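Data first, discussion second: the structure below is written as structure tokens.
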Amino acid sequence: MGIKEQIKSALQEAEIYRAQGLLNEAMLTYKNLIELINNNVKPENSQQLLEGINNKVETLKKAISKYKESEQIPQLSAEIQNLIKEKFTFSTDKESATLEGAIILTKFGQFERAIKEFNKLLNIDSLRLVAAKNILRCYFASSGADNAVSQYEEWLKLGIFSAAQEEKINFFLGNLLKEKGIGKKIVAPEMKKHADQQILIDKIASDKRKTPSESLSHISKPDNKREEFLDITSVGIIMDIGQKKESEVVLDVAFQSEDMVSLIIPDREKALIEKFKTGLKLNNINFYSPIAILNGSGIVLAFSKIDSGPKKGNYSLDLRMFTN
Amino acid sequence: MAVFNLKSREIECKIVFYGPGRSGKTTNLEYIFRTYKKQVSDQMVTIDTEGDRTLFFDFLPMGLGKIKGCDVKVQLYTVPGQVQYTSTRKLVLKGADGIVFVADSFSIRREKNMLSLKDLDQNLKECGLNIFRIPLVLQYNKRDIADIPGNTIPIMPVEEMQNDLNRQLKVPYFPASALSGQGVGATLKECLKLTLVHLQKEFNWAQ
Ligand SMILES: Nc1nc2c(ncn2[C@@H]2O[C@H](COP(=O)(O)OP(=O)(O)O)[C@@H](O)[C@H]2O)c(=O)[nH]1
Ligand SMILES: [Mg+2]
């Protein structure tokens, strides 16, 4: 191919890439073309051509930065939000489905709607705390820390949480602020009357439909320090299978509350099922979150066969996570 | 995660179009939407950004009618290809019963194809699925470019794409043009066939 044809075909190529939205490829093609021209065409003949190409490069640069800007997630129509809720939740139990639906909305960046849904869940005893934390998280991710803090203050005024819950929310919010490097002071919840707390403890003990996290909250971590956990989507349990070989079994997270995850183990995972019992320590676990894989360990808090519902015959496992 | 309703003899399965950004996944669904009107049961939902890039997913529900005495429903999804949307891709992939991997035939996208296939492998693992076991077909898209008279845009020969992407997988593959529709129907049909056969082993849905 002569130099003229080479230039012509490179121009065509770049134009097709651009039309297909392959902007970086178009840019690369133009850059190579400029080099080709500089090396092969006399300056007095190439000036006009180069000017034309530079114009195209400028337009391309603008288009690329416009894409970057438009990466902000739009709030979708209620209809599409409903579709997302319908298609991406798998719980069959009504309450956990509502929770899952609200969480999925946050994963798709639909914070306003998610806040509305979490607010409904504040009416359900067993989900109140999870809902509250998620509401704060939503404010952080969308309208900012100030709104989270004023929501928290409003809750204190309304007094809809127990003293123990207020304490936890306070700690949670404090951590969120710290994480974001915001040096804002938040008011501590007033200590409620001791008697009040005792009633609550009795209530938790007798409540059959409590969430796993609350039912197990008496097992505190050894160092008593509660870290803020990422959303873990799946957990890979790595087992020694002899001869220095390891095998990883990846399990989906059905439910997460802070550092506690509930997993469903299909009954075909015989090797795992045989091993597990409450209190067992697992030393090598991968925690998969959408943004990172963390390695760590875990303690089995509860392990049992599921004997009703669609997951009947499988096993359910509650695990407390520790990251390295 | 297919849903099989024994009582009403209805099966609903999920097929995900995977692949690097701009390889033609959305264009595939658009063609299917226009062409298989009878089987399409509702509007196609597209969630994209200003620059017509898929933001979260495209969604197209289809009803294939009765197959072996069972009412078969299929939901087609595409994933956003851009690297930064990993978590969305994983959400959409969850519960997939079959996968169409749409590869871009432009030579300049060679590495992106391979990276995307690797990403699929990884994400399937995290969903507890195995790329060697899940019903999967490959589509080598944009073949029409090579047919343009006097085309000088580097396009990979099918053999080279086979070598890059299908050497180990050894799954059915289809040269296609989502723009003209050539090969689109064949790709979908093969994926559906593999998926339904696979689900037969699991649910024994066919009479
Ligand atoms: N020539 C040609 N262009 C195609 C073909 N398929 C898709 N495109 C173009 O490639 C670009 C990206 O397609 P799109 O379907 O949005 O890709 P996605 O990111 O995989 O969903 C668009 O400009 C399409 O028109 C094809 O088969 N041939
Ligand atoms: Mg798309």
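Quick note on naming: the chains in the structure tokens go A, B, ... in the order shown, residues restart at 1 in each chain, and ligands are numbered from 1 in order of appearance.
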
Using only C-alpha atoms and a distance of at most 10 Å, pull out the residues of chain B that contact chain A, as an mmCIF file with N, CA and C atoms, in the first residue's frame.
data_model
loop_
_atom_site.group_PDB
_atom_site.id
_atom_site.type_symbol
_atom_site.label_atom_id
_atom_site.label_comp_id
_atom_site.auth_asym_id
_atom_site.auth_seq_id
_atom_site.Cartn_x
_atom_site.Cartn_y
_atom_site.Cartn_z
ATOM 1 N N MET B 1 -30.794 -19.479 37.240
ATOM 2 C CA MET B 1 -31.585 -20.312 38.119
ATOM 3 C C MET B 1 -32.973 -20.478 37.522
ATOM 4 N N GLY B 21 -17.176 -4.619 26.135
ATOM 5 C CA GLY B 21 -17.977 -3.461 25.763
ATOM 6 C C GLY B 21 -17.978 -3.272 24.252
ATOM 7 N N ARG B 22 -19.098 -2.912 23.686
ATOM 8 C CA ARG B 22 -19.254 -2.585 22.267
ATOM 9 C C ARG B 22 -19.071 -3.775 21.324
ATOM 10 N N SER B 23 -19.192 -4.972 21.829
ATOM 11 C CA SER B 23 -19.022 -6.114 20.919
ATOM 12 C C SER B 23 -20.315 -6.421 20.169
ATOM 13 N N GLY B 24 -21.434 -5.857 20.633
ATOM 14 C CA GLY B 24 -22.692 -6.045 19.917
ATOM 15 C C GLY B 24 -23.764 -6.821 20.673
ATOM 16 N N VAL B 45 -36.373 -3.906 27.638
ATOM 17 C CA VAL B 45 -35.978 -2.842 28.556
ATOM 18 C C VAL B 45 -34.489 -2.603 28.397
ATOM 19 N N THR B 46 -34.133 -1.365 28.126
ATOM 20 C CA THR B 46 -32.728 -1.026 27.977
ATOM 21 C C THR B 46 -32.387 0.058 28.989
ATOM 22 N N ILE B 47 -31.383 -0.197 29.782
ATOM 23 C CA ILE B 47 -30.966 0.832 30.735
ATOM 24 C C ILE B 47 -29.592 1.306 30.328
ATOM 25 N N ASP B 48 -29.542 2.429 29.644
ATOM 26 C CA ASP B 48 -28.237 2.869 29.158
ATOM 27 C C ASP B 48 -27.923 4.291 29.595
ATOM 28 N N THR B 49 -26.686 4.674 29.363
ATOM 29 C CA THR B 49 -26.258 6.016 29.697
ATOM 30 C C THR B 49 -26.487 6.904 28.484
ATOM 31 N N GLU B 50 -26.165 8.153 28.648
ATOM 32 C CA GLU B 50 -26.343 9.129 27.585
ATOM 33 C C GLU B 50 -25.687 8.679 26.275
ATOM 34 N N GLY B 51 -24.499 8.127 26.409
ATOM 35 C CA GLY B 51 -23.760 7.738 25.204
ATOM 36 C C GLY B 51 -24.165 6.363 24.694
ATOM 37 N N ASP B 52 -25.372 5.965 24.889
ATOM 38 C CA ASP B 52 -25.964 4.682 24.498
ATOM 39 C C ASP B 52 -25.124 3.462 24.890
ATOM 40 N N ARG B 53 -24.385 3.596 25.974
ATOM 41 C CA ARG B 53 -23.702 2.423 26.514
ATOM 42 C C ARG B 53 -24.603 1.774 27.541
ATOM 43 N N LEU B 55 -25.882 0.604 30.752
ATOM 44 C CA LEU B 55 -25.481 0.976 32.103
ATOM 45 C C LEU B 55 -25.584 -0.238 33.032
ATOM 46 N N PHE B 56 -26.753 -0.818 33.093
ATOM 47 C CA PHE B 56 -26.930 -1.976 33.969
ATOM 48 C C PHE B 56 -27.143 -3.258 33.178
ATOM 49 N N PHE B 57 -28.165 -3.254 32.353
ATOM 50 C CA PHE B 57 -28.440 -4.443 31.559
ATOM 51 C C PHE B 57 -29.517 -4.117 30.538
ATOM 52 N N PHE B 59 -32.960 -6.162 28.910
ATOM 53 C CA PHE B 59 -33.800 -7.277 29.329
ATOM 54 C C PHE B 59 -34.868 -7.518 28.279
ATOM 55 N N GLN B 75 -35.757 -15.528 29.513
ATOM 56 C CA GLN B 75 -35.452 -14.123 29.722
ATOM 57 C C GLN B 75 -34.025 -13.876 29.252
ATOM 58 N N GLN B 84 -15.364 -1.342 34.498
ATOM 59 C CA GLN B 84 -15.683 -0.853 35.850
ATOM 60 C C GLN B 84 -17.030 -1.333 36.380
ATOM 61 N N TYR B 85 -17.812 -2.004 35.556
ATOM 62 C CA TYR B 85 -19.122 -2.455 36.026
ATOM 63 C C TYR B 85 -19.143 -3.897 36.510
ATOM 64 N N THR B 86 -18.029 -4.347 37.083
ATOM 65 C CA THR B 86 -17.935 -5.741 37.533
ATOM 66 C C THR B 86 -19.095 -6.152 38.415
ATOM 67 N N SER B 87 -19.435 -5.312 39.384
ATOM 68 C CA SER B 87 -20.430 -5.769 40.350
ATOM 69 C C SER B 87 -21.793 -5.920 39.682
ATOM 70 N N THR B 88 -22.100 -5.035 38.731
ATOM 71 C CA THR B 88 -23.365 -5.178 38.010
ATOM 72 C C THR B 88 -23.347 -6.450 37.177
ATOM 73 N N ARG B 89 -22.223 -6.702 36.531
ATOM 74 C CA ARG B 89 -22.126 -7.910 35.715
ATOM 75 C C ARG B 89 -22.385 -9.154 36.548
ATOM 76 N N LYS B 90 -21.856 -9.133 37.753
ATOM 77 C CA LYS B 90 -22.032 -10.295 38.616
ATOM 78 C C LYS B 90 -23.494 -10.458 39.018
ATOM 79 N N LEU B 91 -24.134 -9.336 39.314
ATOM 80 C CA LEU B 91 -25.555 -9.400 39.684
ATOM 81 C C LEU B 91 -26.387 -9.988 38.551
ATOM 82 N N VAL B 92 -26.094 -9.530 37.324
ATOM 83 C CA VAL B 92 -26.884 -9.974 36.181
ATOM 84 C C VAL B 92 -26.595 -11.448 35.875
ATOM 85 N N LYS B 94 -25.823 -13.778 37.925
ATOM 86 C CA LYS B 94 -26.341 -14.676 38.958
ATOM 87 C C LYS B 94 -27.593 -15.411 38.462
ATOM 88 N N GLY B 95 -27.587 -16.691 38.593
ATOM 89 C CA GLY B 95 -28.762 -17.464 38.211
ATOM 90 C C GLY B 95 -28.890 -17.714 36.714
ATOM 91 N N PHE B 106 -13.062 -7.323 15.491
ATOM 92 C CA PHE B 106 -11.988 -6.356 15.226
ATOM 93 C C PHE B 106 -10.692 -6.835 15.873
ATOM 94 N N ILE B 108 -8.288 -5.186 16.779
ATOM 95 C CA ILE B 108 -7.888 -4.257 17.834
ATOM 96 C C ILE B 108 -8.553 -4.609 19.172
ATOM 97 N N ARG B 109 -9.581 -5.434 19.131
ATOM 98 C CA ARG B 109 -10.287 -5.816 20.362
ATOM 99 C C ARG B 109 -9.905 -7.223 20.835
ATOM 100 N N LYS B 125 -17.396 -18.550 38.607
ATOM 101 C CA LYS B 125 -16.884 -19.243 39.787
ATOM 102 C C LYS B 125 -17.483 -18.651 41.044
ATOM 103 N N GLU B 126 -17.516 -17.321 41.070
ATOM 104 C CA GLU B 126 -18.034 -16.672 42.263
ATOM 105 C C GLU B 126 -19.523 -16.910 42.450
ATOM 106 N N CYS B 127 -20.210 -17.265 41.360
ATOM 107 C CA CYS B 127 -21.636 -17.622 41.485
ATOM 108 C C CYS B 127 -21.783 -19.114 41.729
ATOM 109 N N GLY B 128 -20.668 -19.808 41.904
ATOM 110 C CA GLY B 128 -20.731 -21.247 42.119
ATOM 111 C C GLY B 128 -20.969 -22.018 40.827
ATOM 112 N N LEU B 129 -20.691 -21.391 39.675
ATOM 113 C CA LEU B 129 -20.901 -22.068 38.394
ATOM 114 C C LEU B 129 -19.555 -22.343 37.729
ATOM 115 N N ILE B 145 -18.138 -6.558 8.467
ATOM 116 C CA ILE B 145 -17.092 -5.580 8.148
ATOM 117 C C ILE B 145 -16.110 -6.173 7.137
ATOM 118 N N GLY B 150 -13.192 -3.742 -0.449
ATOM 119 C CA GLY B 150 -12.057 -2.851 -0.208
ATOM 120 C C GLY B 150 -11.806 -2.566 1.268
ATOM 121 N N ASN B 151 -12.387 -3.391 2.138
ATOM 122 C CA ASN B 151 -12.175 -3.160 3.570
ATOM 123 C C ASN B 151 -10.703 -3.296 3.938
ATOM 124 N N THR B 152 -10.217 -2.366 4.742
ATOM 125 C CA THR B 152 -8.828 -2.466 5.199
ATOM 126 C C THR B 152 -8.762 -2.563 6.716
ATOM 127 N N ILE B 153 -9.913 -2.580 7.371
ATOM 128 C CA ILE B 153 -9.912 -2.667 8.832
ATOM 129 C C ILE B 153 -9.538 -4.078 9.255
ATOM 130 N N PRO B 154 -8.522 -4.181 10.114
ATOM 131 C CA PRO B 154 -8.072 -5.524 10.502
ATOM 132 C C PRO B 154 -9.158 -6.307 11.246
#

Checklist entry - ligand 2: which residues are within 6 Å, counting only C-alpha atoms and all ligand atoms, as a list in words? => result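 Result of the 6 Å neighbour search around ligand 2: Lys25, Thr26, Arg53, Thr54 and Pro80 of chain B.
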
Residues just named, written with all heavy atoms as a PDB file, in the first residue's frame:
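Saved file part-v2.pdb follows:
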ATOM      1  N   LYS B  25     -23.670  -6.856  21.992  1.00  0.00           N
ATOM      2  CA  LYS B  25     -24.641  -7.602  22.796  1.00  0.00           C
ATOM      3  C   LYS B  25     -26.039  -6.976  22.692  1.00  0.00           C
ATOM      4  O   LYS B  25     -27.025  -7.664  22.414  1.00  0.00           O
ATOM      5  CB  LYS B  25     -24.186  -7.646  24.267  1.00  0.00           C
ATOM      6  CG  LYS B  25     -22.832  -8.290  24.453  1.00  0.00           C
ATOM      7  CD  LYS B  25     -22.328  -8.189  25.883  1.00  0.00           C
ATOM      8  CE  LYS B  25     -21.973  -6.781  26.320  1.00  0.00           C
ATOM      9  NZ  LYS B  25     -20.793  -6.220  25.643  1.00  0.00           N
ATOM     10  N   THR B  26     -26.087  -5.670  22.898  1.00  0.00           N
ATOM     11  CA  THR B  26     -27.378  -4.971  22.811  1.00  0.00           C
ATOM     12  C   THR B  26     -27.943  -5.091  21.398  1.00  0.00           C
ATOM     13  O   THR B  26     -29.144  -5.318  21.208  1.00  0.00           O
ATOM     14  CB  THR B  26     -27.204  -3.490  23.205  1.00  0.00           C
ATOM     15  OG1 THR B  26     -26.709  -3.434  24.549  1.00  0.00           O
ATOM     16  CG2 THR B  26     -28.527  -2.740  23.143  1.00  0.00           C
ATOM     17  N   ARG B  53     -24.385   3.596  25.974  1.00  0.00           N
ATOM     18  CA  ARG B  53     -23.702   2.423  26.514  1.00  0.00           C
ATOM     19  C   ARG B  53     -24.603   1.774  27.541  1.00  0.00           C
ATOM     20  O   ARG B  53     -25.255   2.474  28.321  1.00  0.00           O
ATOM     21  CB  ARG B  53     -22.414   2.848  27.223  1.00  0.00           C
ATOM     22  CG  ARG B  53     -21.279   3.007  26.273  1.00  0.00           C
ATOM     23  CD  ARG B  53     -20.164   3.798  26.891  1.00  0.00           C
ATOM     24  NE  ARG B  53     -19.381   4.366  25.813  1.00  0.00           N
ATOM     25  CZ  ARG B  53     -18.174   3.939  25.488  1.00  0.00           C
ATOM     26  NH1 ARG B  53     -17.599   2.998  26.159  1.00  0.00           N
ATOM     27  NH2 ARG B  53     -17.533   4.489  24.484  1.00  0.00           N
ATOM     28  N   THR B  54     -24.621   0.463  27.542  1.00  0.00           N
ATOM     29  CA  THR B  54     -25.460  -0.225  28.519  1.00  0.00           C
ATOM     30  C   THR B  54     -24.966   0.112  29.921  1.00  0.00           C
ATOM     31  O   THR B  54     -23.789  -0.040  30.218  1.00  0.00           O
ATOM     32  CB  THR B  54     -25.391  -1.748  28.293  1.00  0.00           C
ATOM     33  OG1 THR B  54     -25.757  -2.004  26.946  1.00  0.00           O
ATOM     34  CG2 THR B  54     -26.332  -2.469  29.219  1.00  0.00           C
ATOM     35  N   PRO B  80     -23.346  -4.994  31.097  1.00  0.00           N
ATOM     36  CA  PRO B  80     -22.515  -3.885  30.634  1.00  0.00           C
ATOM     37  C   PRO B  80     -21.094  -4.397  30.473  1.00  0.00           C
ATOM     38  O   PRO B  80     -20.593  -5.100  31.338  1.00  0.00           O
ATOM     39  CB  PRO B  80     -22.620  -2.861  31.762  1.00  0.00           C
ATOM     40  CG  PRO B  80     -22.983  -3.645  32.966  1.00  0.00           C
ATOM     41  CD  PRO B  80     -23.715  -4.870  32.509  1.00  0.00           C
TER      42      PRO B  80
END

inquiry  = Need the shell around Val57 (chain A): protein/DNA/RNA residues with any atom at most 9 Å away, counting only C-alpha atoms. Skip same-chain ones fewer than 2 positions apart. Format as JSON, numbers by chain?
reply    = {"A": [26, 27, 30, 31, 52, 53, 54, 55, 59, 60, 61, 62]}

(message) Measuring between only C-alpha atoms and all ligand atoms, which one of B:Ala186, B:Leu192, B:Leu29, B:Leu115 shows the shortest distance to ligand 1?
(response)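 Of B:Ala186, B:Leu192, B:Leu29, B:Leu115, the one nearest ligand 1 is B:Leu29, counting only C-alpha atoms and all ligand atoms.
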
One residue among B:Lys68, B:His198, B:Lys112, B:Lys142 is nearest to ligand 1 when using only C-alpha atoms and all ligand atoms, and that residue is B:Lys142

key: Phe4 (chain B) environment, 10 Å, only C-alpha atoms, sequence neighbours closer than 6 positions dropped, as a PyMOL selection string   = chain B and resi 10-13+70-72+199+203-205

Output N, CA and C atoms for every residue in the selection just made, as a tab-separated table (two decimals), in the first residue's frame.
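So out_35.tsv came out as:
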chain	number	residue	atom	x	y	z
B	10	GLU	N	-44.58	-25.24	33.48
B	10	GLU	CA	-44.01	-24.03	32.91
B	10	GLU	C	-42.56	-23.93	33.37
B	11	ILE	N	-41.68	-23.62	32.42
B	11	ILE	CA	-40.28	-23.47	32.82
B	11	ILE	C	-39.79	-22.10	32.37
B	12	GLU	N	-39.06	-21.44	33.27
B	12	GLU	CA	-38.56	-20.11	32.94
B	12	GLU	C	-37.06	-20.12	33.13
B	13	CYS	N	-36.32	-19.77	32.07
B	13	CYS	CA	-34.88	-19.79	32.23
B	13	CYS	C	-34.24	-18.47	31.79
B	70	CYS	N	-44.34	-28.61	27.62
B	70	CYS	CA	-44.03	-27.67	28.67
B	70	CYS	C	-43.98	-26.26	28.10
B	71	ASP	N	-44.54	-25.31	28.83
B	71	ASP	CA	-44.54	-23.94	28.38
B	71	ASP	C	-43.18	-23.32	28.70
B	72	VAL	N	-42.42	-22.96	27.67
B	72	VAL	CA	-41.05	-22.51	27.91
B	72	VAL	C	-40.93	-20.99	27.80
B	199	LEU	N	-31.16	-28.32	31.40
B	199	LEU	CA	-32.21	-28.24	32.42
B	199	LEU	C	-33.04	-29.52	32.49
B	203	PHE	N	-34.19	-30.94	35.91
B	203	PHE	CA	-35.60	-30.91	36.33
B	203	PHE	C	-36.44	-32.03	35.72
B	204	ASN	N	-35.93	-32.61	34.65
B	204	ASN	CA	-36.72	-33.61	33.97
B	204	ASN	C	-38.08	-33.03	33.56
B	205	TRP	N	-38.01	-31.83	32.93
B	205	TRP	CA	-39.25	-31.09	32.67
B	205	TRP	C	-40.01	-31.61	31.45

- Which residues in region 19-102 of chain B does DSSP call strand (DSSP E)? List them as JSON, numbers by chain. {"B": [45, 46, 47, 48, 54, 55, 56, 57, 58, 59, 60, 61, 62, 63, 64, 65, 66, 67, 70, 71, 72, 73, 74, 75, 76, 77, 78, 98, 99, 100, 101, 102]}

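Closest approach to ligand 1 among B:Lys38, B:Lys170, B:Arg143, B:Lys73 is made by B:Arg143 (distances from only C-alpha atoms and all ligand atoms).
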
Please provide the set of residues having any atom within 9 Å of Asn314 (chain A), restricted to only C-alpha atoms, with same-chain residues fewer than 6 positions apart removed, written as a ChimeraX atom specification. /A:264-268,304-307

Create the file for the chosen residues now, containing N, CA and C atoms and written as a JSON list (two decimals), in the first residue's frame.
[["chain", "number", "residue", "atom", "x", "y", "z"],
["A", 264, "ILE", "N", -25.91, -20.75, 52.24],
["A", 264, "ILE", "CA", -26.65, -21.97, 51.99],
["A", 264, "ILE", "C", -25.67, -22.99, 51.39],
["A", 265, "ILE", "N", -25.58, -24.14, 51.96],
["A", 265, "ILE", "CA", -24.70, -25.17, 51.41],
["A", 265, "ILE", "C", -25.54, -26.25, 50.73],
["A", 266, "PRO", "N", -25.37, -26.41, 49.42],
["A", 266, "PRO", "CA", -26.12, -27.45, 48.72],
["A", 266, "PRO", "C", -25.78, -28.82, 49.32],
["A", 267, "ASP", "N", -26.75, -29.71, 49.36],
["A", 267, "ASP", "CA", -26.49, -30.97, 50.04],
["A", 267, "ASP", "C", -25.47, -31.84, 49.31],
["A", 268, "ARG", "N", -25.12, -31.44, 48.04],
["A", 268, "ARG", "CA", -24.10, -32.22, 47.34],
["A", 268, "ARG", "C", -22.69, -31.97, 47.88],
["A", 304, "SER", "N", -27.12, -25.98, 60.41],
["A", 304, "SER", "CA", -28.27, -26.89, 60.52],
["A", 304, "SER", "C", -28.84, -27.23, 59.15],
["A", 305, "LYS", "N", -29.56, -28.32, 59.12],
["A", 305, "LYS", "CA", -30.22, -28.73, 57.88],
["A", 305, "LYS", "C", -31.52, -27.93, 57.75],
["A", 306, "ILE", "N", -31.80, -27.50, 56.51],
["A", 306, "ILE", "CA", -33.04, -26.76, 56.29],
["A", 306, "ILE", "C", -34.15, -27.78, 56.04],
["A", 307, "ASP", "N", -35.21, -27.72, 56.85],
["A", 307, "ASP", "CA", -36.19, -28.78, 56.65],
["A", 307, "ASP", "C", -37.56, -28.31, 56.17]]

Report task. Considering only C-alpha atoms, state which residue in the set B:Asn166, B:Leu138, B:Glu202, B:Ile67 is at the smallest distance from Arg9 (chain B). Result ->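 Using only C-alpha atoms, Arg9 (chain B) sits closest to B:Ile67.
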
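With distances restricted to only C-alpha atoms and all ligand atoms, A:Ala19 is the closest residue to ligand 1 from A:Ile135, A:Ala19, A:Ala102, A:Val41.
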
Task: Neighbour list for Asp144 (chain B) as a list in words, cut-off 12 Å, only C-alpha atoms, skip fewer than 4 positions in-chain - done: Asp104, Ser105, Phe106, Tyr140, Ile148, Pro149, Asn151, Ile153, Ile155, Pro175, Ala176, Ser177, Ala178, Leu179, Ser180, Gly181, Gln182 and Gly183 of chain B

For the residues in the current selection, export N, CA and C atoms as a PDB file, in the first residue's frame.
ATOM      1  N   ASP B 104     -15.833  -9.612  19.744  1.00  0.00           N
ATOM      2  CA  ASP B 104     -15.696  -8.591  18.700  1.00  0.00           C
ATOM      3  C   ASP B 104     -14.642  -9.057  17.692  1.00  0.00           C
ATOM      4  N   SER B 105     -14.973  -9.065  16.423  1.00  0.00           N
ATOM      5  CA  SER B 105     -14.022  -9.570  15.428  1.00  0.00           C
ATOM      6  C   SER B 105     -12.913  -8.573  15.068  1.00  0.00           C
ATOM      7  N   PHE B 106     -13.062  -7.323  15.491  1.00  0.00           N
ATOM      8  CA  PHE B 106     -11.988  -6.356  15.226  1.00  0.00           C
ATOM      9  C   PHE B 106     -10.692  -6.835  15.873  1.00  0.00           C
ATOM     10  N   TYR B 140     -18.879 -14.820  17.056  1.00  0.00           N
ATOM     11  CA  TYR B 140     -17.849 -13.919  16.545  1.00  0.00           C
ATOM     12  C   TYR B 140     -18.554 -12.863  15.725  1.00  0.00           C
ATOM     13  N   ILE B 148     -17.164  -5.891   3.482  1.00  0.00           N
ATOM     14  CA  ILE B 148     -17.251  -4.615   2.773  1.00  0.00           C
ATOM     15  C   ILE B 148     -16.155  -4.588   1.706  1.00  0.00           C
ATOM     16  N   PRO B 149     -16.528  -4.332   0.444  1.00  0.00           N
ATOM     17  CA  PRO B 149     -15.512  -4.326  -0.609  1.00  0.00           C
ATOM     18  C   PRO B 149     -14.415  -3.309  -0.276  1.00  0.00           C
ATOM     19  N   ASN B 151     -12.387  -3.391   2.138  1.00  0.00           N
ATOM     20  CA  ASN B 151     -12.175  -3.160   3.570  1.00  0.00           C
ATOM     21  C   ASN B 151     -10.703  -3.296   3.938  1.00  0.00           C
ATOM     22  N   ILE B 153      -9.913  -2.580   7.371  1.00  0.00           N
ATOM     23  CA  ILE B 153      -9.912  -2.667   8.832  1.00  0.00           C
ATOM     24  C   ILE B 153      -9.538  -4.078   9.255  1.00  0.00           C
ATOM     25  N   ILE B 155      -9.511  -7.436  10.664  1.00  0.00           N
ATOM     26  CA  ILE B 155     -10.514  -8.335  11.244  1.00  0.00           C
ATOM     27  C   ILE B 155      -9.847  -9.681  11.490  1.00  0.00           C
ATOM     28  N   PRO B 175     -20.000 -17.345  13.534  1.00  0.00           N
ATOM     29  CA  PRO B 175     -19.672 -16.049  12.948  1.00  0.00           C
ATOM     30  C   PRO B 175     -21.004 -15.332  12.718  1.00  0.00           C
ATOM     31  N   ALA B 176     -21.062 -14.044  13.002  1.00  0.00           N
ATOM     32  CA  ALA B 176     -22.370 -13.383  12.910  1.00  0.00           C
ATOM     33  C   ALA B 176     -22.224 -11.906  12.613  1.00  0.00           C
ATOM     34  N   SER B 177     -23.342 -11.313  12.247  1.00  0.00           N
ATOM     35  CA  SER B 177     -23.433  -9.862  12.189  1.00  0.00           C
ATOM     36  C   SER B 177     -24.728  -9.459  12.867  1.00  0.00           C
ATOM     37  N   ALA B 178     -24.598  -8.952  14.077  1.00  0.00           N
ATOM     38  CA  ALA B 178     -25.795  -8.569  14.822  1.00  0.00           C
ATOM     39  C   ALA B 178     -26.515  -7.433  14.108  1.00  0.00           C
ATOM     40  N   LEU B 179     -25.741  -6.667  13.334  1.00  0.00           N
ATOM     41  CA  LEU B 179     -26.319  -5.526  12.630  1.00  0.00           C
ATOM     42  C   LEU B 179     -27.277  -5.995  11.530  1.00  0.00           C
ATOM     43  N   SER B 180     -26.838  -6.975  10.745  1.00  0.00           N
ATOM     44  CA  SER B 180     -27.708  -7.477   9.685  1.00  0.00           C
ATOM     45  C   SER B 180     -28.563  -8.645  10.185  1.00  0.00           C
ATOM     46  N   GLY B 181     -28.179  -9.218  11.296  1.00  0.00           N
ATOM     47  CA  GLY B 181     -28.947 -10.328  11.862  1.00  0.00           C
ATOM     48  C   GLY B 181     -28.404 -11.686  11.466  1.00  0.00           C
ATOM     49  N   GLN B 182     -27.415 -11.665  10.589  1.00  0.00           N
ATOM     50  CA  GLN B 182     -26.881 -12.949  10.154  1.00  0.00           C
ATOM     51  C   GLN B 182     -26.221 -13.697  11.320  1.00  0.00           C
ATOM     52  N   GLY B 183     -26.646 -14.925  11.553  1.00  0.00           N
ATOM     53  CA  GLY B 183     -26.057 -15.735  12.617  1.00  0.00           C
ATOM     54  C   GLY B 183     -26.656 -15.497  13.996  1.00  0.00           C
TER      55      GLY B 183
END

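Here CA of Asn32 (chain A) is placed at a distance of 27.8 Å from CA of Asn163 (chain B).
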